[in-house]
Amino acid sequence: MQVSEQDAASEWAARKVGEFLRVRQEQIAQRWADAELFRTVFTVSRDEAVEAGKAVVDALSDVASSGRLDDITAPGFQTVRDQLGRMAASRARTGSTPAQVAGEVAELHQPAVTLLRGEFPDPAGDQAQECALALTVLMGTLRLVVMETTLRQGDELIARQRLQLLEVATPVIKLWDGIVAVPLIGTLDSARSQVVMESLLDAIVAERARYAILDITGVPTVDSLVAQHLMKTVAAARLMGAECIVSGIRPAIAQTIVHLGIDLGTVVTRSSLADALAYALRQQGIVVAPRTPVGANLS
Amino acid sequence: MTGSRRAHPSRVPVLALGATLLITLQGELHDSMAEQLQEDLTHRIAHSPVTGVVIDISGVDIVDSFLGRVLAEIASHARLMAARTILAGMRPAVAITLVELGLTLPGLPTALDVERALAMFEHGPCPDPPHPRRANHADLP
C-alpha cells in the first residue's frame, strides 16, 4: 500500500521534527534572534529575542508532535498567537506591509532547516528530505498563523474605531433650558440612528427637555431609509414627552423628499437650526428681542 | 407569594389629585389587573368630576403590544367620558422598543414625568402655554 506507507513516513517525519525542535530549541532560538524579524522587534536585548524565539519553537514542537502540520487552528499555536500578533503589529507600526512581515517569517525557515539536516548522517538522504519537507510545511503554517493574527487585529482595530466614531459623531447639545439638539453629520445608517436615538433620549431625561432638534445639515442625502430612521427617532422622543423638530432641510433635500413621496407627516420641520431654536423658544413663551436702546422708555 | 392572600392583591392603585387621577403602573400588568384597572377607572371618572388622567409608567421596564393596547384603550375610555389622558415617565429603552415594534401610540399625549403631566393639565389643552409677553412676537429677527 503506497498511500499508507507515505502516511506513515510523513507521520514519522512530523514526530521527528517535533523531537528535533524540542531538543534543539536553544540553538534555533539563538539563530532566530539574529534574524530580521526578531532583531527588529526586540531591540532592547538579545535575551528577550531568544526567549520569544524559544516560545515559538515550543509551540511549533507541540504542533509537530500532534501531527497537524498544516492546521492553523492546531492547539499548539494558541499559546504564541498573542506574541506573534504583537510582533507583527510592531513591524506594521514601523511601516512594513503584511507581505514584508510574511517574508521575514519565511526567513526563519532556512536556519532551522540547516540545523535539521545537520542531525542526519546523510544530509541529502531520503529521511532528511522527508523531515525538511515536514518542517517546511510547518513553517508555512506558522506564516499563515502570523498573517491571520495580523489581519484579525486589523479587523478588531477597525471595529473599535467604528464604535468610537459612532460615539464621537453624535453629540447631544443643550441649546437652552429644555431644548436639546443633535447635529447629524454623515450618512445615517441604522447603527448610527440607533446610537443617535439612545443618546438623544438619555439627554431628554437628563436635561428634562421639552424640545429636541434634529439638525440634518450635515447629512449629504436623505433617502427613504434615512427618513424612516428620522421618523423613528421623532416618534421615540415624542413617547418621552418631547417634541422633535427636524432642521437643516436644504432645498435639494426638500426636493428629494417630495420626489420620493416620503411623508414626514406630523414632524415639525424648519430650514435652519436657528429657525428651529426660534420655534422651540416661541413655543415655550420665551422671547428673544434686541436690547432696548439707551434712553428709551422701558415698559 | 404572601401577597396573593390579600383581598385585592393585584389591583393597580388609582390616586385622585384634585380633578386628576394618577395611575402608577409598576412591573408587569396581567390581564386581570388591566381589566380591573379599566373598570375602576371608568367608574371613578363617572362618579367624580375628573378632567384628566395621568398614567405613570416610569416603573415599567417592558411595554409589549398588550400593554400598548391597554394604554390606548384607557385613553379612549377617558376621552369618551370627557377626560384627557397623558402618558408620563416612559423610559428611553421602553420608547426605543415601542418604536421598533411600530407602536408609536398616536393620539396619546406624553410627558417626561408626572410633574410635567400635571403642569400640562394646568395650562389647559393648548400645547403652548399662554404667555402675556408672547403677543405679536414672531421667530428670531
# chains A, B, ... in the order shown; residues from 1 in each chain; ligands from 1
call {"tool": "residues_around", "arguments": {"residues": "His47 of chain B", "least_positions_apart": "5", "cutoff": "12 Å", "atoms": "only C-alpha atoms", "output": "JSON, numbers by chain"}}
result
{"B": [19, 40, 41, 42, 81]}
call {"tool": "select_by_dssp", "arguments": {"residues": "chain B", "states": "strand (DSSP E or B)", "output": "PDB file with N, CA and C atoms, in the first residue's frame"}}
result
ATOM      1  N   VAL B  14     -55.389  53.729  42.112  1.00  0.00           N
ATOM      2  CA  VAL B  14     -55.755  54.937  41.363  1.00  0.00           C
ATOM      3  C   VAL B  14     -55.879  56.070  42.368  1.00  0.00           C
ATOM      4  N   LEU B  15     -54.970  57.046  42.298  1.00  0.00           N
ATOM      5  CA  LEU B  15     -54.979  58.156  43.248  1.00  0.00           C
ATOM      6  C   LEU B  15     -55.674  59.352  42.625  1.00  0.00           C
ATOM      7  N   ALA B  16     -56.413  60.096  43.465  1.00  0.00           N
ATOM      8  CA  ALA B  16     -57.068  61.309  42.981  1.00  0.00           C
ATOM      9  C   ALA B  16     -56.295  62.517  43.458  1.00  0.00           C
ATOM     10  N   LEU B  17     -55.880  63.369  42.511  1.00  0.00           N
ATOM     11  CA  LEU B  17     -55.205  64.628  42.851  1.00  0.00           C
ATOM     12  C   LEU B  17     -56.091  65.734  42.303  1.00  0.00           C
ATOM     13  N   THR B  20     -57.700  65.336  38.883  1.00  0.00           N
ATOM     14  CA  THR B  20     -56.857  64.465  38.068  1.00  0.00           C
ATOM     15  C   THR B  20     -56.669  63.121  38.761  1.00  0.00           C
ATOM     16  N   LEU B  21     -56.713  62.062  37.982  1.00  0.00           N
ATOM     17  CA  LEU B  21     -56.452  60.732  38.533  1.00  0.00           C
ATOM     18  C   LEU B  21     -55.022  60.325  38.156  1.00  0.00           C
ATOM     19  N   LEU B  22     -54.322  59.764  39.130  1.00  0.00           N
ATOM     20  CA  LEU B  22     -52.947  59.325  38.871  1.00  0.00           C
ATOM     21  C   LEU B  22     -52.869  57.815  39.012  1.00  0.00           C
ATOM     22  N   ILE B  23     -52.454  57.163  37.930  1.00  0.00           N
ATOM     23  CA  ILE B  23     -52.289  55.712  37.946  1.00  0.00           C
ATOM     24  C   ILE B  23     -50.793  55.426  37.840  1.00  0.00           C
ATOM     25  N   THR B  24     -50.256  54.695  38.797  1.00  0.00           N
ATOM     26  CA  THR B  24     -48.837  54.351  38.734  1.00  0.00           C
ATOM     27  C   THR B  24     -48.711  52.867  38.445  1.00  0.00           C
ATOM     28  N   LEU B  25     -48.229  52.570  37.242  1.00  0.00           N
ATOM     29  CA  LEU B  25     -48.039  51.162  36.874  1.00  0.00           C
ATOM     30  C   LEU B  25     -46.638  50.741  37.280  1.00  0.00           C
ATOM     31  N   GLN B  26     -46.546  49.532  37.820  1.00  0.00           N
ATOM     32  CA  GLN B  26     -45.225  49.038  38.184  1.00  0.00           C
ATOM     33  C   GLN B  26     -45.087  47.578  37.800  1.00  0.00           C
ATOM     34  N   GLY B  52     -58.833  64.834  34.010  1.00  0.00           N
ATOM     35  CA  GLY B  52     -57.588  64.335  33.428  1.00  0.00           C
ATOM     36  C   GLY B  52     -57.116  63.058  34.094  1.00  0.00           C
ATOM     37  N   VAL B  53     -56.404  62.259  33.327  1.00  0.00           N
ATOM     38  CA  VAL B  53     -55.836  61.013  33.852  1.00  0.00           C
ATOM     39  C   VAL B  53     -54.348  60.990  33.489  1.00  0.00           C
ATOM     40  N   VAL B  54     -53.516  60.756  34.504  1.00  0.00           N
ATOM     41  CA  VAL B  54     -52.085  60.633  34.236  1.00  0.00           C
ATOM     42  C   VAL B  54     -51.672  59.186  34.504  1.00  0.00           C
ATOM     43  N   ILE B  55     -51.083  58.540  33.500  1.00  0.00           N
ATOM     44  CA  ILE B  55     -50.591  57.171  33.687  1.00  0.00           C
ATOM     45  C   ILE B  55     -49.073  57.238  33.803  1.00  0.00           C
ATOM     46  N   ASP B  56     -48.572  56.909  34.971  1.00  0.00           N
ATOM     47  CA  ASP B  56     -47.124  56.964  35.208  1.00  0.00           C
ATOM     48  C   ASP B  56     -46.535  55.581  34.950  1.00  0.00           C
ATOM     49  N   ILE B  57     -45.684  55.481  33.914  1.00  0.00           N
ATOM     50  CA  ILE B  57     -45.093  54.170  33.599  1.00  0.00           C
ATOM     51  C   ILE B  57     -43.580  54.191  33.816  1.00  0.00           C
ATOM     52  N   SER B  58     -43.134  55.076  34.753  1.00  0.00           N
ATOM     53  CA  SER B  58     -41.684  55.136  34.991  1.00  0.00           C
ATOM     54  C   SER B  58     -41.170  53.862  35.662  1.00  0.00           C
ATOM     55  N   GLY B  59     -42.089  53.098  36.265  1.00  0.00           N
ATOM     56  CA  GLY B  59     -41.650  51.858  36.913  1.00  0.00           C
ATOM     57  C   GLY B  59     -41.825  50.635  36.033  1.00  0.00           C
ATOM     58  N   ARG B  84     -58.969  63.934  29.703  1.00  0.00           N
ATOM     59  CA  ARG B  84     -57.764  63.771  28.881  1.00  0.00           C
ATOM     60  C   ARG B  84     -56.780  62.825  29.571  1.00  0.00           C
ATOM     61  N   THR B  85     -56.087  62.044  28.778  1.00  0.00           N
ATOM     62  CA  THR B  85     -55.107  61.118  29.341  1.00  0.00           C
ATOM     63  C   THR B  85     -53.707  61.529  28.891  1.00  0.00           C
ATOM     64  N   ILE B  86     -52.773  61.515  29.842  1.00  0.00           N
ATOM     65  CA  ILE B  86     -51.373  61.789  29.491  1.00  0.00           C
ATOM     66  C   ILE B  86     -50.520  60.636  30.017  1.00  0.00           C
ATOM     67  N   LEU B  87     -49.637  60.171  29.131  1.00  0.00           N
ATOM     68  CA  LEU B  87     -48.724  59.078  29.499  1.00  0.00           C
ATOM     69  C   LEU B  87     -47.419  59.718  29.978  1.00  0.00           C
ATOM     70  N   ALA B  88     -46.993  59.368  31.183  1.00  0.00           N
ATOM     71  CA  ALA B  88     -45.824  60.056  31.738  1.00  0.00           C
ATOM     72  C   ALA B  88     -44.732  59.085  32.152  1.00  0.00           C
ATOM     73  N   THR B 110     -47.955  62.689  25.690  1.00  0.00           N
ATOM     74  CA  THR B 110     -46.932  62.144  26.582  1.00  0.00           C
ATOM     75  C   THR B 110     -46.255  63.280  27.339  1.00  0.00           C
ATOM     76  N   ALA B 111     -45.660  62.927  28.477  1.00  0.00           N
ATOM     77  CA  ALA B 111     -44.906  63.907  29.255  1.00  0.00           C
ATOM     78  C   ALA B 111     -43.692  63.212  29.841  1.00  0.00           C
TER      79      ALA B 111
END
call {"tool": "residues_around", "arguments": {"residues": "segment 241-251 of chain A", "least_positions_apart": "5", "cutoff": "7 Å", "atoms": "only C-alpha atoms", "output": "list in words"}}
result
Ala209, Arg210, Tyr211, Ala212, Ile213, Leu214, Asp215, Ile216, Thr217, Val234, Val267, Val268, Thr269, Arg270, Ser271, Ser272, Leu273 and Ala276 of chain A; Thr110, Ala111 and Leu112 of chain B
call {"tool": "write_last_selection", "arguments": {"atoms": "N, CA and C atoms", "output": "tab-separated table (two decimals), in the first residue's frame"}}
result
chain	number	residue	atom	x	y	z
A	209	ALA	N	-35.75	67.86	28.81
A	209	ALA	CA	-36.02	68.66	27.62
A	209	ALA	C	-37.45	68.47	27.14
A	210	ARG	N	-38.04	69.59	26.68
A	210	ARG	CA	-39.36	69.55	26.05
A	210	ARG	C	-39.23	69.51	24.54
A	211	TYR	N	-38.11	70.05	24.05
A	211	TYR	CA	-37.93	70.13	22.60
A	211	TYR	C	-36.59	69.51	22.21
A	212	ALA	N	-36.61	68.72	21.15
A	212	ALA	CA	-35.38	68.10	20.64
A	212	ALA	C	-35.27	68.46	19.17
A	213	ILE	N	-34.11	69.03	18.80
A	213	ILE	CA	-33.91	69.45	17.41
A	213	ILE	C	-32.94	68.46	16.75
A	214	LEU	N	-33.38	67.88	15.63
A	214	LEU	CA	-32.51	67.01	14.84
A	214	LEU	C	-32.06	67.82	13.64
A	215	ASP	N	-30.78	68.19	13.64
A	215	ASP	CA	-30.29	69.02	12.55
A	215	ASP	C	-29.61	68.15	11.51
A	216	ILE	N	-30.14	68.14	10.29
A	216	ILE	CA	-29.60	67.24	9.26
A	216	ILE	C	-28.81	68.01	8.21
A	217	THR	N	-28.29	69.20	8.61
A	217	THR	CA	-27.48	69.98	7.66
A	217	THR	C	-26.31	69.15	7.14
A	234	VAL	N	-38.02	60.60	15.97
A	234	VAL	CA	-39.03	61.58	16.33
A	234	VAL	C	-40.12	60.91	17.18
A	267	VAL	N	-44.27	65.72	11.59
A	267	VAL	CA	-42.99	66.23	12.12
A	267	VAL	C	-42.86	67.71	11.79
A	268	VAL	N	-42.46	68.48	12.80
A	268	VAL	CA	-42.22	69.90	12.56
A	268	VAL	C	-40.87	70.04	11.87
A	269	THR	N	-40.84	70.75	10.76
A	269	THR	CA	-39.57	70.92	10.04
A	269	THR	C	-39.26	72.40	9.89
A	270	ARG	N	-37.98	72.73	9.93
A	270	ARG	CA	-37.51	74.10	9.73
A	270	ARG	C	-36.29	74.04	8.83
A	271	SER	N	-36.03	75.17	8.13
A	271	SER	CA	-34.91	75.11	7.18
A	271	SER	C	-33.57	75.23	7.88
A	272	SER	N	-33.49	75.97	8.98
A	272	SER	CA	-32.19	76.10	9.64
A	272	SER	C	-32.33	75.84	11.13
A	273	LEU	N	-31.19	75.58	11.76
A	273	LEU	CA	-31.16	75.32	13.20
A	273	LEU	C	-31.67	76.55	13.96
A	276	ALA	N	-35.35	76.56	13.95
A	276	ALA	CA	-35.87	75.54	14.85
A	276	ALA	C	-35.79	76.01	16.31
B	110	THR	N	-47.96	62.69	25.69
B	110	THR	CA	-46.93	62.14	26.58
B	110	THR	C	-46.26	63.28	27.34
B	111	ALA	N	-45.66	62.93	28.48
B	111	ALA	CA	-44.91	63.91	29.25
B	111	ALA	C	-43.69	63.21	29.84
B	112	LEU	N	-42.68	64.03	30.16
B	112	LEU	CA	-41.43	63.46	30.67
B	112	LEU	C	-41.66	62.77	32.01
call {"tool": "select_by_dssp", "arguments": {"residues": "segment 149-299 of chain A", "states": "helix (DSSP H, G or I)", "output": "MDAnalysis selection string"}}
result
chainID A and resid 149:168 190:207 224:239 251:260 273:283
call {"tool": "interface_residues", "arguments": {"of": "chain A", "to": "chain B", "cutoff": "10 Å", "atoms": "only C-alpha atoms", "output": "MDAnalysis selection string"}}
result
chainID A and resid 194 197:205 208:210 231:243 274:290
call {"tool": "write_last_selection", "arguments": {"atoms": "C-alpha atoms", "output": "compact mmCIF listing (two decimals), in the first residue's frame"}}
result
# COMPACT_ATOMS: atom_id res chain seq x y z
CA GLN A 194 -29.73 53.68 16.96
CA MET A 197 -31.79 57.72 19.33
CA GLU A 198 -30.29 56.36 22.54
CA SER A 199 -28.14 59.39 23.27
CA LEU A 200 -30.99 61.77 22.42
CA LEU A 201 -33.46 60.00 24.71
CA ASP A 202 -30.91 59.91 27.53
CA ALA A 203 -30.28 63.63 27.04
CA ILE A 204 -34.03 64.33 27.11
CA VAL A 205 -34.20 62.67 30.52
CA ARG A 208 -35.60 67.47 31.18
CA ALA A 209 -36.02 68.66 27.62
CA ARG A 210 -39.36 69.55 26.05
CA MET A 231 -39.32 59.28 11.88
CA LYS A 232 -38.43 56.58 14.40
CA THR A 233 -36.29 58.97 16.40
CA VAL A 234 -39.03 61.58 16.33
CA ALA A 235 -41.61 59.01 17.48
CA ALA A 236 -39.37 57.80 20.32
CA ALA A 237 -38.74 61.36 21.52
CA ARG A 238 -42.47 62.03 21.46
CA LEU A 239 -43.10 58.97 23.62
CA MET A 240 -40.71 60.53 26.13
CA GLY A 241 -42.81 63.67 26.14
CA ALA A 242 -40.54 65.80 23.96
CA GLU A 243 -41.43 67.42 20.66
CA ALA A 274 -31.79 78.98 14.09
CA ASP A 275 -35.39 78.73 12.88
CA ALA A 276 -35.87 75.54 14.85
CA LEU A 277 -34.48 77.14 18.01
CA ALA A 278 -36.70 80.18 17.47
CA TYR A 279 -39.72 77.88 17.11
CA ALA A 280 -38.86 75.99 20.30
CA LEU A 281 -38.31 79.21 22.24
CA ARG A 282 -41.56 80.69 20.98
CA GLN A 283 -43.46 77.55 21.94
CA GLN A 284 -42.09 77.90 25.47
CA GLY A 285 -43.10 81.55 25.57
CA ILE A 286 -39.54 82.82 25.58
CA VAL A 287 -38.90 85.99 23.65
CA VAL A 288 -35.52 86.94 22.22
CA ALA A 289 -35.57 90.64 21.38
CA PRO A 290 -32.94 93.28 20.70
call {"tool": "closest_residue", "arguments": {"among": "B:Leu29, B:Ile74, B:Ala83, B:Leu37", "to": "Val60 of chain B", "atoms": "only C-alpha atoms"}}
result
B:Leu29
call {"tool": "atom_distance", "arguments": {"atom1": "atom CA of Phe121 of chain B", "atom2": "atom CA of Val180 of chain A"}}
result
23.8 Å
call {"tool": "residues_around", "arguments": {"residues": "Arg81 of chain A", "least_positions_apart": "6", "cutoff": "8 Å", "atoms": "only C-alpha atoms", "output": "ChimeraX atom specification"}}
result
/A:145-146,149
call {"tool": "residues_around", "arguments": {"residues": "segment 124-134 of chain A", "least_positions_apart": "2", "cutoff": "8 Å", "atoms": "only C-alpha atoms", "output": "mmCIF file with N, CA and C atoms, in the first residue's frame"}}
result
data_model
loop_
_atom_site.group_PDB
_atom_site.id
_atom_site.type_symbol
_atom_site.label_atom_id
_atom_site.label_comp_id
_atom_site.auth_asym_id
_atom_site.auth_seq_id
_atom_site.Cartn_x
_atom_site.Cartn_y
_atom_site.Cartn_z
ATOM 1 N N ALA A 9 5.299 7.511 6.710
ATOM 2 C CA ALA A 9 6.561 8.230 6.596
ATOM 3 C C ALA A 9 6.400 9.676 7.054
ATOM 4 N N SER A 10 5.294 10.331 6.613
ATOM 5 C CA SER A 10 5.139 11.739 6.990
ATOM 6 C C SER A 10 4.812 11.869 8.476
ATOM 7 N N ALA A 13 8.009 11.648 10.112
ATOM 8 C CA ALA A 13 8.763 12.890 9.919
ATOM 9 C C ALA A 13 8.253 13.970 10.867
ATOM 10 N N ALA A 14 6.914 14.044 11.029
ATOM 11 C CA ALA A 14 6.348 15.062 11.913
ATOM 12 C C ALA A 14 6.831 14.851 13.338
ATOM 13 N N LYS A 16 9.493 13.281 14.248
ATOM 14 C CA LYS A 16 10.934 13.525 14.263
ATOM 15 C C LYS A 16 11.208 15.038 14.361
ATOM 16 N N VAL A 17 10.432 15.806 13.562
ATOM 17 C CA VAL A 17 10.610 17.275 13.576
ATOM 18 C C VAL A 17 10.255 17.824 14.959
ATOM 19 N N LEU A 69 0.512 19.345 10.976
ATOM 20 C CA LEU A 69 1.489 20.303 10.442
ATOM 21 C C LEU A 69 0.851 21.452 9.672
ATOM 22 N N VAL A 113 16.091 24.661 9.006
ATOM 23 C CA VAL A 113 16.293 23.514 8.108
ATOM 24 C C VAL A 113 17.761 23.106 8.107
ATOM 25 N N LEU A 116 18.384 21.137 11.069
ATOM 26 C CA LEU A 116 17.705 19.842 10.978
ATOM 27 C C LEU A 116 18.509 18.859 10.122
ATOM 28 N N ARG A 117 19.002 19.355 8.983
ATOM 29 C CA ARG A 117 19.781 18.485 8.093
ATOM 30 C C ARG A 117 21.051 17.997 8.793
ATOM 31 N N PHE A 120 21.191 14.591 10.580
ATOM 32 C CA PHE A 120 21.250 13.305 9.894
ATOM 33 C C PHE A 120 22.660 13.012 9.416
ATOM 34 N N ASP A 122 23.384 11.516 6.711
ATOM 35 C CA ASP A 122 23.405 11.828 5.293
ATOM 36 C C ASP A 122 22.422 12.972 5.045
ATOM 37 N N THR A 136 9.239 22.410 6.488
ATOM 38 C CA THR A 136 8.833 23.476 5.571
ATOM 39 C C THR A 136 7.325 23.706 5.653
ATOM 40 N N VAL A 137 6.579 22.585 5.672
ATOM 41 C CA VAL A 137 5.120 22.708 5.796
ATOM 42 C C VAL A 137 4.776 23.432 7.085
ATOM 43 N N LEU A 138 5.461 23.030 8.161
ATOM 44 C CA LEU A 138 5.182 23.614 9.476
ATOM 45 C C LEU A 138 5.471 25.116 9.481
#
call {"tool": "atom_distance", "arguments": {"atom1": "atom CA of Glu207 of chain A", "atom2": "atom CA of Glu115 of chain B"}}
result
14.7 Å
call {"tool": "atom_distance", "arguments": {"atom1": "atom CA of Val195 of chain A", "atom2": "atom CA of Leu163 of chain A"}}
result
9.9 Å
call {"tool": "decode", "arguments": {"residues": "segment 91-107 of chain B", "atoms": "N, CA and C atoms", "output": "PDB file, in the first residue's frame"}}
result
ATOM      1  N   ARG B  91     -39.466  55.290  29.966  1.00  0.00           N
ATOM      2  CA  ARG B  91     -38.004  55.190  29.945  1.00  0.00           C
ATOM      3  C   ARG B  91     -37.494  55.141  28.508  1.00  0.00           C
ATOM      4  N   PRO B  92     -36.254  55.631  28.294  1.00  0.00           N
ATOM      5  CA  PRO B  92     -35.696  55.606  26.935  1.00  0.00           C
ATOM      6  C   PRO B  92     -35.727  54.221  26.297  1.00  0.00           C
ATOM      7  N   ALA B  93     -35.332  53.210  27.066  1.00  0.00           N
ATOM      8  CA  ALA B  93     -35.285  51.856  26.493  1.00  0.00           C
ATOM      9  C   ALA B  93     -36.675  51.401  26.057  1.00  0.00           C
ATOM     10  N   VAL B  94     -37.683  51.759  26.859  1.00  0.00           N
ATOM     11  CA  VAL B  94     -39.059  51.381  26.523  1.00  0.00           C
ATOM     12  C   VAL B  94     -39.505  52.101  25.252  1.00  0.00           C
ATOM     13  N   ALA B  95     -39.149  53.394  25.167  1.00  0.00           N
ATOM     14  CA  ALA B  95     -39.531  54.168  23.981  1.00  0.00           C
ATOM     15  C   ALA B  95     -38.920  53.558  22.724  1.00  0.00           C
ATOM     16  N   ILE B  96     -37.637  53.173  22.815  1.00  0.00           N
ATOM     17  CA  ILE B  96     -36.968  52.588  21.645  1.00  0.00           C
ATOM     18  C   ILE B  96     -37.656  51.280  21.246  1.00  0.00           C
ATOM     19  N   THR B  97     -37.968  50.446  22.251  1.00  0.00           N
ATOM     20  CA  THR B  97     -38.632  49.175  21.958  1.00  0.00           C
ATOM     21  C   THR B  97     -39.969  49.404  21.277  1.00  0.00           C
ATOM     22  N   LEU B  98     -40.751  50.342  21.809  1.00  0.00           N
ATOM     23  CA  LEU B  98     -42.076  50.611  21.236  1.00  0.00           C
ATOM     24  C   LEU B  98     -41.961  51.059  19.783  1.00  0.00           C
ATOM     25  N   VAL B  99     -40.994  51.949  19.530  1.00  0.00           N
ATOM     26  CA  VAL B  99     -40.841  52.452  18.164  1.00  0.00           C
ATOM     27  C   VAL B  99     -40.427  51.319  17.229  1.00  0.00           C
ATOM     28  N   GLU B 100     -39.511  50.458  17.723  1.00  0.00           N
ATOM     29  CA  GLU B 100     -39.092  49.334  16.887  1.00  0.00           C
ATOM     30  C   GLU B 100     -40.257  48.387  16.601  1.00  0.00           C
ATOM     31  N   LEU B 101     -41.175  48.287  17.566  1.00  0.00           N
ATOM     32  CA  LEU B 101     -42.351  47.442  17.371  1.00  0.00           C
ATOM     33  C   LEU B 101     -43.402  48.117  16.488  1.00  0.00           C
ATOM     34  N   GLY B 102     -43.183  49.413  16.226  1.00  0.00           N
ATOM     35  CA  GLY B 102     -44.151  50.145  15.429  1.00  0.00           C
ATOM     36  C   GLY B 102     -45.322  50.674  16.234  1.00  0.00           C
ATOM     37  N   LEU B 103     -45.195  50.615  17.563  1.00  0.00           N
ATOM     38  CA  LEU B 103     -46.267  51.123  18.430  1.00  0.00           C
ATOM     39  C   LEU B 103     -45.917  52.539  18.861  1.00  0.00           C
ATOM     40  N   THR B 104     -46.333  53.520  18.084  1.00  0.00           N
ATOM     41  CA  THR B 104     -45.953  54.880  18.432  1.00  0.00           C
ATOM     42  C   THR B 104     -47.043  55.590  19.241  1.00  0.00           C
ATOM     43  N   LEU B 105     -48.102  54.866  19.586  1.00  0.00           N
ATOM     44  CA  LEU B 105     -49.203  55.393  20.404  1.00  0.00           C
ATOM     45  C   LEU B 105     -49.674  56.762  19.916  1.00  0.00           C
ATOM     46  N   PRO B 106     -50.097  56.848  18.665  1.00  0.00           N
ATOM     47  CA  PRO B 106     -50.526  58.152  18.159  1.00  0.00           C
ATOM     48  C   PRO B 106     -51.784  58.619  18.890  1.00  0.00           C
ATOM     49  N   GLY B 107     -51.866  59.912  19.080  1.00  0.00           N
ATOM     50  CA  GLY B 107     -53.050  60.459  19.732  1.00  0.00           C
ATOM     51  C   GLY B 107     -53.021  60.377  21.237  1.00  0.00           C
TER      52      GLY B 107
END
